[in-house]
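Asker: Below is my_file_11.pdb; it holds PDB, C-alpha atoms.
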ATOM      1  CA  MET C   1      97.906  84.623  26.292
ATOM      2  CA  ALA C   2      98.519  87.944  24.490
ATOM      3  CA  ASN C   3      99.206  89.894  27.672
ATOM      4  CA  PHE C   4     101.735  87.320  28.836
ATOM      5  CA  HIS C   5     103.418  87.466  25.425
ATOM      6  CA  ILE C   6     103.817  91.240  25.785
ATOM      7  CA  VAL C   7     105.355  90.882  29.224
ATOM      8  CA  ALA C   8     107.401  87.687  28.912
ATOM      9  CA  GLY C   9     108.023  87.206  25.198
ATOM     10  CA  ALA C  10     107.258  84.369  22.830
ATOM     11  CA  GLY C  11     109.162  81.592  24.593
ATOM     12  CA  GLU C  12     107.672  79.220  27.122
ATOM     13  CA  ALA C  13     110.143  80.512  29.712
ATOM     14  CA  PRO C  14     111.741  83.991  29.809
ATOM     15  CA  ALA C  15     115.237  83.998  28.275
ATOM     16  CA  HIS C  16     117.537  86.428  30.071
ATOM     17  CA  PRO C  17     120.258  87.860  27.794
ATOM     18  CA  VAL C  18     123.836  87.968  29.064
ATOM     19  CA  VAL C  19     125.047  91.473  29.950
ATOM     20  CA  ARG C  20     128.681  92.517  29.520
ATOM     21  CA  LYS C  21     130.823  95.002  31.404
ATOM     22  CA  ILE C  22     131.690  97.974  29.200
ATOM     23  CA  THR C  23     134.036 100.976  29.405
ATOM     24  CA  PRO C  24     134.013 104.557  28.056
ATOM     25  CA  ALA C  25     135.928 103.158  25.066
ATOM     26  CA  ASP C  26     132.759 101.225  24.158
ATOM     27  CA  LEU C  27     130.761 104.457  24.256
ATOM     28  CA  LYS C  28     133.282 106.071  21.933
ATOM     29  CA  GLU C  29     132.991 103.123  19.546
ATOM     30  CA  ALA C  30     129.181 103.209  19.665
ATOM     31  CA  LEU C  31     129.146 106.937  18.888
ATOM     32  CA  ALA C  32     131.648 106.459  16.049
ATOM     33  CA  LYS C  33     129.440 103.783  14.513
ATOM     34  CA  GLY C  34     126.411 106.015  15.047
ATOM     35  CA  PHE C  35     128.092 108.777  13.069
ATOM     36  CA  ASP C  36     129.073 106.223  10.427
ATOM     37  CA  ASP C  37     125.451 105.112  10.026
ATOM     38  CA  PHE C  38     124.346 108.724   9.800
ATOM     39  CA  TRP C  39     126.916 109.725   7.188
ATOM     40  CA  ALA C  40     126.153 106.614   5.144
ATOM     41  CA  MET C  41     122.491 107.653   4.916
ATOM     42  CA  PRO C  42     122.371 111.398   5.732
ATOM     43  CA  SER C  43     119.562 112.545   3.431
ATOM     44  CA  HIS C  44     116.735 110.299   4.597
ATOM     45  CA  LEU C  45     117.990 110.302   8.170
ATOM     46  CA  VAL C  46     117.798 114.078   8.236
ATOM     47  CA  PHE C  47     114.260 113.663   6.900
ATOM     48  CA  LEU C  48     113.431 111.292   9.748
ATOM     49  CA  GLY C  49     115.279 113.529  12.191
ATOM     50  CA  LEU C  50     113.239 116.560  11.147
ATOM     51  CA  ILE C  51     110.308 114.979  12.964
ATOM     52  CA  TYR C  52     111.899 115.949  16.276
ATOM     53  CA  PRO C  53     112.638 119.645  15.673
ATOM     54  CA  VAL C  54     109.224 120.098  14.044
ATOM     55  CA  VAL C  55     107.559 118.579  17.092
ATOM     56  CA  GLY C  56     109.764 120.743  19.322
ATOM     57  CA  VAL C  57     108.834 123.949  17.514
ATOM     58  CA  CYS C  58     105.148 123.013  17.686
ATOM     59  CA  LEU C  59     105.434 122.384  21.412
ATOM     60  CA  ALA C  60     107.210 125.695  21.914
ATOM     61  CA  ALA C  61     104.481 127.485  19.954
ATOM     62  CA  LEU C  62     101.851 125.667  21.995
ATOM     63  CA  THR C  63     103.357 126.791  25.294
ATOM     64  CA  PHE C  64     103.436 130.396  24.107
ATOM     65  CA  SER C  65      99.919 130.445  22.626
ATOM     66  CA  ASN C  66      98.469 128.806  25.732
ATOM     67  CA  ASN C  67     100.412 131.006  28.133
ATOM     68  CA  ALA C  68     102.258 127.955  29.420
ATOM     69  CA  LEU C  69     105.778 129.309  29.054
ATOM     70  CA  PRO C  70     107.025 127.754  32.329
ATOM     71  CA  LEU C  71     106.710 124.361  30.629
ATOM     72  CA  LEU C  72     109.072 125.237  27.775
ATOM     73  CA  TYR C  73     112.213 123.983  29.536
ATOM     74  CA  PRO C  74     110.515 120.827  30.904
ATOM     75  CA  LEU C  75     109.276 120.084  27.376
ATOM     76  CA  ALA C  76     112.741 120.545  25.896
ATOM     77  CA  SER C  77     114.431 118.422  28.545
ATOM     78  CA  GLY C  78     111.610 115.885  28.229
ATOM     79  CA  PHE C  79     113.011 114.782  24.868
ATOM     80  CA  ALA C  80     115.467 112.690  26.875
ATOM     81  CA  LEU C  81     112.538 110.854  28.480
ATOM     82  CA  ILE C  82     110.761 109.881  25.266
ATOM     83  CA  GLY C  83     113.859 109.694  23.055
ATOM     84  CA  PRO C  84     114.455 105.939  23.559
ATOM     85  CA  PHE C  85     111.037 105.178  22.055
ATOM     86  CA  ALA C  86     111.159 107.961  19.461
ATOM     87  CA  GLY C  87     114.381 106.493  18.065
ATOM     88  CA  ILE C  88     112.908 103.062  17.361
ATOM     89  CA  GLY C  89     112.946 103.577  13.577
ATOM     90  CA  LEU C  90     116.603 104.579  13.731
ATOM     91  CA  TYR C  91     117.492 101.396  15.628
ATOM     92  CA  GLU C  92     115.775  99.460  12.854
ATOM     93  CA  ILE C  93     117.817 101.219  10.183
ATOM     94  CA  SER C  94     121.056 100.361  12.017
ATOM     95  CA  ARG C  95     119.915  96.770  12.521
ATOM     96  CA  ARG C  96     119.185  96.400   8.819
ATOM     97  CA  ARG C  97     122.461  97.986   7.758
ATOM     98  CA  GLU C  98     124.308  95.631  10.102
ATOM     99  CA  LEU C  99     122.616  92.674   8.373
ATOM    100  CA  GLY C 100     123.287  94.030   4.894
ATOM    101  CA  LEU C 101     119.590  94.678   4.193
ATOM    102  CA  SER C 102     118.067  97.687   2.415
ATOM    103  CA  THR C 103     118.149 100.895   4.445
ATOM    104  CA  SER C 104     115.856 103.404   2.757
ATOM    105  CA  TRP C 105     113.861 105.683   5.062
ATOM    106  CA  GLN C 106     110.773 103.579   4.352
ATOM    107  CA  ASP C 107     112.546 100.597   5.901
ATOM    108  CA  ALA C 108     112.421 102.343   9.274
ATOM    109  CA  PHE C 109     108.716 101.488   9.348
ATOM    110  CA  ASN C 110     109.476  97.760   9.144
ATOM    111  CA  VAL C 111     109.648  97.947  12.910
ATOM    112  CA  LEU C 112     105.849  97.727  12.759
ATOM    113  CA  LYS C 113     106.267  94.147  11.508
ATOM    114  CA  SER C 114     108.398  93.131  14.476
ATOM    115  CA  PRO C 115     106.962  90.285  16.581
ATOM    116  CA  SER C 116     107.910  92.424  19.588
ATOM    117  CA  ILE C 117     105.796  95.412  18.534
ATOM    118  CA  PRO C 118     103.202  94.885  21.332
ATOM    119  CA  SER C 119     106.007  94.969  23.923
ATOM    120  CA  ILE C 120     107.620  97.975  22.219
ATOM    121  CA  ILE C 121     104.322  99.864  22.301
ATOM    122  CA  ALA C 122     103.773  98.917  25.952
ATOM    123  CA  LEU C 123     107.183 100.339  26.908
ATOM    124  CA  GLY C 124     106.515 103.407  24.786
ATOM    125  CA  VAL C 125     103.298 104.025  26.709
ATOM    126  CA  LEU C 126     105.237 103.674  29.963
ATOM    127  CA  LEU C 127     107.720 106.343  28.827
ATOM    128  CA  LEU C 128     104.857 108.601  27.779
ATOM    129  CA  VAL C 129     103.307 108.274  31.240
ATOM    130  CA  ILE C 130     106.665 109.149  32.813
ATOM    131  CA  PHE C 131     106.997 112.143  30.459
ATOM    132  CA  LEU C 132     103.529 113.448  31.362
ATOM    133  CA  THR C 133     104.258 112.883  35.043
ATOM    134  CA  TRP C 134     107.450 114.942  34.644
ATOM    135  CA  LEU C 135     105.508 117.801  33.018
ATOM    136  CA  THR C 136     102.901 117.723  35.782
ATOM    137  CA  THR C 137     105.612 117.677  38.459
ATOM    138  CA  ALA C 138     107.440 120.585  36.807
ATOM    139  CA  ARG C 139     104.221 122.611  36.596
ATOM    140  CA  LEU C 140     103.369 121.958  40.244
ATOM    141  CA  LEU C 141     106.893 122.935  41.292
ATOM    142  CA  TYR C 142     106.664 126.208  39.378
ATOM    143  CA  GLN C 143     103.267 126.993  40.904
ATOM    144  CA  SER C 144     104.514 126.198  44.412
ATOM    145  CA  ILE C 145     107.257 128.811  43.992
ATOM    146  CA  PHE C 146     105.715 131.509  41.774
ATOM    147  CA  GLY C 147     102.008 130.896  42.177
ATOM    148  CA  TYR C 148      99.509 130.631  39.323
ATOM    149  CA  ALA C 149     100.489 133.811  37.510
ATOM    150  CA  VAL C 150     102.644 133.055  34.449
ATOM    151  CA  PRO C 151     105.032 135.269  32.451
ATOM    152  CA  THR C 152     103.653 136.846  29.289
ATOM    153  CA  SER C 153     106.805 136.629  27.171
ATOM    154  CA  TYR C 154     110.052 134.710  26.845
ATOM    155  CA  ALA C 155     111.922 137.754  28.183
ATOM    156  CA  ASP C 156     109.722 137.820  31.283
ATOM    157  CA  LEU C 157     110.316 134.113  31.841
ATOM    158  CA  VAL C 158     114.099 134.452  31.523
ATOM    159  CA  ASN C 159     114.119 137.458  33.857
ATOM    160  CA  GLN C 160     111.940 135.683  36.399
ATOM    161  CA  VAL C 161     114.020 132.503  36.442
ATOM    162  CA  LEU C 162     117.550 133.907  36.172
ATOM    163  CA  THR C 163     117.391 137.104  38.245
ATOM    164  CA  THR C 164     115.379 136.133  41.326
ATOM    165  CA  SER C 165     116.068 133.933  44.338
ATOM    166  CA  GLU C 166     112.850 132.057  43.582
ATOM    167  CA  GLY C 167     114.138 131.391  40.092
ATOM    168  CA  MET C 168     117.381 129.960  41.438
ATOM    169  CA  ARG C 169     115.385 127.700  43.740
ATOM    170  CA  LEU C 170     113.303 126.580  40.774
ATOM    171  CA  ILE C 171     116.434 125.765  38.781
ATOM    172  CA  VAL C 172     117.993 123.739  41.591
ATOM    173  CA  LEU C 173     114.875 121.797  42.583
ATOM    174  CA  GLY C 174     113.755 121.361  38.983
ATOM    175  CA  ASN C 175     117.067 119.881  37.919
ATOM    176  CA  ILE C 176     117.144 117.565  40.922
ATOM    177  CA  LEU C 177     113.686 116.265  40.030
ATOM    178  CA  GLY C 178     114.613 116.054  36.365
ATOM    179  CA  PHE C 179     117.711 114.053  37.260
ATOM    180  CA  ILE C 180     115.562 111.528  39.151
ATOM    181  CA  PHE C 181     113.230 111.115  36.169
ATOM    182  CA  ALA C 182     116.179 110.838  33.785
ATOM    183  CA  VAL C 183     117.887 108.131  35.861
ATOM    184  CA  ALA C 184     114.653 106.133  35.988
ATOM    185  CA  VAL C 185     114.162 106.326  32.222
ATOM    186  CA  LEU C 186     117.829 105.577  31.487
ATOM    187  CA  SER C 187     117.678 102.499  33.701
ATOM    188  CA  ILE C 188     114.581 100.966  32.128
ATOM    189  CA  SER C 189     115.157 101.930  28.498
ATOM    190  CA  VAL C 190     118.846 102.347  27.659
ATOM    191  CA  ILE C 191     118.960  99.015  25.810
ATOM    192  CA  SER C 192     115.421  97.636  26.192
ATOM    193  CA  PHE C 193     114.057  98.906  22.858
ATOM    194  CA  PRO C 194     117.015  97.668  20.744
ATOM    195  CA  LEU C 195     116.810  94.357  22.610
ATOM    196  CA  LEU C 196     113.138  93.987  21.720
ATOM    197  CA  LEU C 197     113.915  94.692  18.067
ATOM    198  CA  ASP C 198     116.604  92.028  18.143
ATOM    199  CA  ARG C 199     114.754  89.377  20.164
ATOM    200  CA  ASP C 200     111.154  88.828  21.213
ATOM    201  CA  VAL C 201     111.953  88.540  24.922
ATOM    202  CA  GLY C 202     108.991  90.557  26.245
ATOM    203  CA  ALA C 203     108.825  93.889  28.027
ATOM    204  CA  ALA C 204     109.641  92.551  31.487
ATOM    205  CA  VAL C 205     112.860  90.834  30.387
ATOM    206  CA  ALA C 206     113.866  93.866  28.293
ATOM    207  CA  VAL C 207     113.437  96.238  31.246
ATOM    208  CA  TYR C 208     115.178  93.822  33.623
ATOM    209  CA  THR C 209     118.115  93.495  31.221
ATOM    210  CA  SER C 210     118.350  97.270  30.833
ATOM    211  CA  ILE C 211     118.382  97.802  34.600
ATOM    212  CA  LYS C 212     120.981  95.047  34.962
ATOM    213  CA  ALA C 213     123.158  96.729  32.309
ATOM    214  CA  VAL C 214     123.041  99.997  34.263
ATOM    215  CA  ALA C 215     123.711  98.238  37.586
ATOM    216  CA  MET C 216     126.737  96.420  36.142
ATOM    217  CA  ASN C 217     128.103  99.554  34.453
ATOM    218  CA  PRO C 218     127.017 102.493  36.657
ATOM    219  CA  LEU C 219     129.796 104.935  35.796
ATOM    220  CA  THR C 220     129.856 104.148  32.079
ATOM    221  CA  MET C 221     126.081 104.366  31.805
ATOM    222  CA  ALA C 222     126.099 107.611  33.799
ATOM    223  CA  LEU C 223     128.589 108.982  31.278
ATOM    224  CA  TRP C 224     126.317 107.830  28.452
ATOM    225  CA  GLY C 225     123.391 109.615  30.077
ATOM    226  CA  LEU C 226     125.440 112.818  30.333
ATOM    227  CA  ILE C 227     126.446 112.533  26.663
ATOM    228  CA  VAL C 228     122.823 112.096  25.606
ATOM    229  CA  ALA C 229     121.610 114.972  27.808
ATOM    230  CA  ALA C 230     124.333 117.323  26.567
ATOM    231  CA  ALA C 231     123.727 116.409  22.930
ATOM    232  CA  LEU C 232     119.967 116.928  23.254
ATOM    233  CA  LEU C 233     120.524 120.265  25.005
ATOM    234  CA  VAL C 234     122.836 121.490  22.250
ATOM    235  CA  GLY C 235     120.417 120.244  19.594
ATOM    236  CA  SER C 236     117.459 121.946  21.279
ATOM    237  CA  ILE C 237     119.001 125.389  21.723
ATOM    238  CA  PRO C 238     118.605 126.651  18.114
ATOM    239  CA  LEU C 239     114.805 126.193  18.080
ATOM    240  CA  PHE C 240     115.249 122.399  18.211
ATOM    241  CA  VAL C 241     116.691 122.384  14.668
ATOM    242  CA  GLY C 242     119.881 120.653  15.786
ATOM    243  CA  LEU C 243     117.818 117.618  16.779
ATOM    244  CA  ALA C 244     117.598 116.742  13.067
ATOM    245  CA  ILE C 245     121.221 115.601  13.366
ATOM    246  CA  VAL C 246     121.525 114.834  17.076
ATOM    247  CA  MET C 247     118.581 112.409  17.234
ATOM    248  CA  PRO C 248     119.668 110.207  14.302
ATOM    249  CA  VAL C 249     123.250 109.984  15.561
ATOM    250  CA  LEU C 250     122.150 109.124  19.106
ATOM    251  CA  GLY C 251     119.600 106.648  17.778
ATOM    252  CA  HIS C 252     122.171 104.752  15.753
ATOM    253  CA  ALA C 253     124.722 104.939  18.562
ATOM    254  CA  THR C 254     122.157 103.440  20.942
ATOM    255  CA  TRP C 255     121.821 100.393  18.702
ATOM    256  CA  HIS C 256     125.580  99.902  18.650
ATOM    257  CA  LEU C 257     125.761 100.450  22.416
ATOM    258  CA  TYR C 258     123.230  97.647  22.800
ATOM    259  CA  ARG C 259     125.447  95.400  20.678
ATOM    260  CA  ARG C 260     128.386  96.055  22.994
ATOM    261  CA  VAL C 261     126.387  95.601  26.205
ATOM    262  CA  VAL C 262     124.389  92.455  25.396
ATOM    263  CA  GLU C 263     125.949  89.248  24.145
ATOM    264  CA  PRO C 264     124.446  87.729  20.985
ATOM    265  CA  PRO C 265     121.898  84.970  21.626
ATOM    266  CA  HIS C 266     123.039  81.405  22.054
ATOM    267  CA  PRO C 267     122.452  79.332  18.894
ATOM    268  CA  ASP C 268     119.624  77.556  20.715
ATOM    269  CA  GLU C 269     117.912  80.941  21.158
ATOM    270  CA  ALA C 270     118.455  82.099  17.584
ATOM    271  CA  HIS C 271     114.932  81.167  16.575
ATOM    272  CA  SER C 272     113.677  83.897  18.949
ATOM    273  CA  ALA C 273     115.465  86.608  16.974
ATOM    274  CA  ARG C 274     114.065  88.066  13.829
TER
END
What's the structure tokens form of this structure?

Answerer:
Amino acid sequence: MANFHIVAGAGEAPAHPVVRKITPADLKEALAKGFDDFWAMPSHLVFLGLIYPVVGVCLAALTFSNNALPLLYPLASGFALIGPFAGIGLYEISRRRELGLSTSWQDAFNVLKSPSIPSIIALGVLLLVIFLTWLTTARLLYQSIFGYAVPTSYADLVNQVLTTSEGMRLIVLGNILGFIFAVAVLSISVISFPLLLDRDVGAAVAVYTSIKAVAMNPLTMALWGLIVAAALLVGSIPLFVGLAIVMPVLGHATWHLYRRVVEPPHPDEAHSAR
């Protein structure tokens, strides 16, 4: 059945990939290879990466025009929640380069031909739901502290948040809630999307494997999460323009992190891979 295929993959029985223990040295290697992929193909990767700052600027403009300025920070930080799905084309480019295949920017769209695309879309929808839930939670938190009146300018927002006791409470509680959302997304998606590109194991196995990878490597994966969050923050500060470089590098590094975390399939399972 189609629904079962999305959840459990193409095989008659779910095949659970073997997860390795990794160290910060593996993160360093993954990032180095991510930079290498980026520098090998900088022009079209910047083109692909421009999608993210353009979307960010549009979202920022939307919050201002709709008097929804309190959502600007949640929107910016929300990139970390949808980033694993947004980087799917970048994983494909790294996968193809690894195999010695063509790596033009058009090849990023070959992901649409993946036998795992239904599972990939299903996980993407899950991340979108989490992202929207985060925005709703952030809005409700702001309203519980400041009421329904909203600032009329960026200066008013900064003054309200940084110079009042209510603003400090918003920062503390907001970051605690954001941390909870971030941990949840990291756990279910850190290697699930690259895994689905590599093997048609189904969404359930991909999420289970991702959670297992985090459980086996809690400190290393926590460090990875901090690296991603810091990089996205730095990339978002100059009107999201830095994301044109940050997102491609992190996307490629995520693929190489997956390669270090998950053992290659057994020869008997090779037919499940693309």

Asker: Please write as a PyMOL selection string the full residue list that the PyMOL selection byres ((chain C and resi 187) around 9) yields on this file.

Answerer: chain C and resi 182-186+188-191+207+210-215+221

Asker: Closest to Arg260 (chain C) among C:Pro194, C:Pro218, C:Gly100, C:Pro84, using all atoms listed in the file?

Answerer: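 That would be C:Pro194, the residue with the smallest distance to Arg260 (chain C).
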
Asker: Restricting the calculation to only C-alpha atoms: of C:Thr164, C:Thr254, C:Thr133, C:Ser119, which residue gets closest to Phe146 (chain C)?

Answerer: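 Checking each candidate against Phe146 (chain C), we get C:Thr164 as the closest.
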
Asker: Between CA of Asp26 (chain C) and CA of Met247 (chain C), what is the distance in Å, rounded to a tenth?

Answerer: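 It comes out at 19.3 Å.
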
Asker: Distance CA of Arg97 (chain C)-CA of Gly235 (chain C), one decimal place?

Answerer: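 A separation of 25.3 Å between them.
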
Asker: Pick out the closest residue to Val158 (chain C) from this set: C:Leu72, C:Ile227, C:Ala32, C:Leu140. Count only C-alpha atoms.

Answerer: C:Leu72

Asker: Can you tell me, as a PyMOL selection string, which residues sit within 12 Å of (107.8, 114.3, 29.6) in the file's frame, using all atoms listed in the file?

Answerer: chain C and resi 59+71-83+124-139+178+181-182+185

Asker: Can you give me, as a list in words, the residues this file yields under the PyMOL selection byres ((chain C and resi 249) around 8)?

Answerer: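 The output of the PyMOL selection byres ((chain C and resi 249) around 8) on this file is Leu31, Gly34, Phe35, Asp37, Phe38, Ile245, Val246, Met247, Pro248, Leu250, Gly251, His252 and Ala253 of chain C.
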
Asker: Contacts of Asp198 (chain C) at 10 Å or less, counting all atoms listed in the file, minus same-chain residues fewer than 6 places along, as a VMD selection string?

Answerer: chain C and resid 91 to 92 95 114 to 116 192 255 258 to 259 264 to 265 272 to 274

Asker: Name the residues in contact with Pro151 (chain C) at a cut-off of 8 Å, using all atoms listed in the file, excluding same-chain residues fewer than 6 positions from it; report them as a PyMOL selection string.

Answerer: chain C and resi 67+69-70+157+160

Asker: Can you tell me which residues surround His16 (chain C) at a distance of at most 9 Å, considering only C-alpha atoms, apart from same-chain residues fewer than 2 positions away, and format the answer as a compact mmCIF listing (two decimals) with C-alpha atoms, keeping the file's coordinate frame?

Answerer:
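Result written to selection_37.txt:
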# COMPACT_ATOMS: atom_id res chain seq x y z
CA PRO C 14 111.74 83.99 29.81
CA VAL C 18 123.84 87.97 29.06
CA VAL C 201 111.95 88.54 24.92
CA VAL C 205 112.86 90.83 30.39
CA ALA C 206 113.87 93.87 28.29
CA TYR C 208 115.18 93.82 33.62
CA THR C 209 118.12 93.50 31.22

Asker: Please indicate the distance in Å from CA of Leu162 (chain C) to CA of Gly174 (chain C), rounded to one decimal place.

Answerer: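 Answer for the CA of Leu162 (chain C) to CA of Gly174 (chain C) separation: 13.4 Å.
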
Asker: Report the centre and edge lengths, in Å to one decimal, of an axis-aligned box enclosing every atom of region 188-195 of chain C listed in the file, padded by 6 Å on each side, as AutoDock Vina command-line options.

Answerer:
--center_x 116.5 --center_y 98.4 --center_z 26.4 --size_x 16.9 --size_y 20.0 --size_z 23.4

Asker: Which of these residues is nearest to Gln143 (chain C), using all atoms listed in the file: C:Asn175, C:Gly167, C:Thr103, C:Met216?

Answerer: C:Gly167

Asker: Taking all atoms listed in the file into account, name the residue in C:Ala40, C:Leu223, C:Val228, C:Leu233 that is nearest to Pro24 (chain C).

Answerer: C:Leu223

Asker: Which of these residues is nearest to Pro17 (chain C), using all atoms listed in the file: C:Gly87, C:Gly242, C:Gly225, C:Gly202?

Answerer: C:Gly202
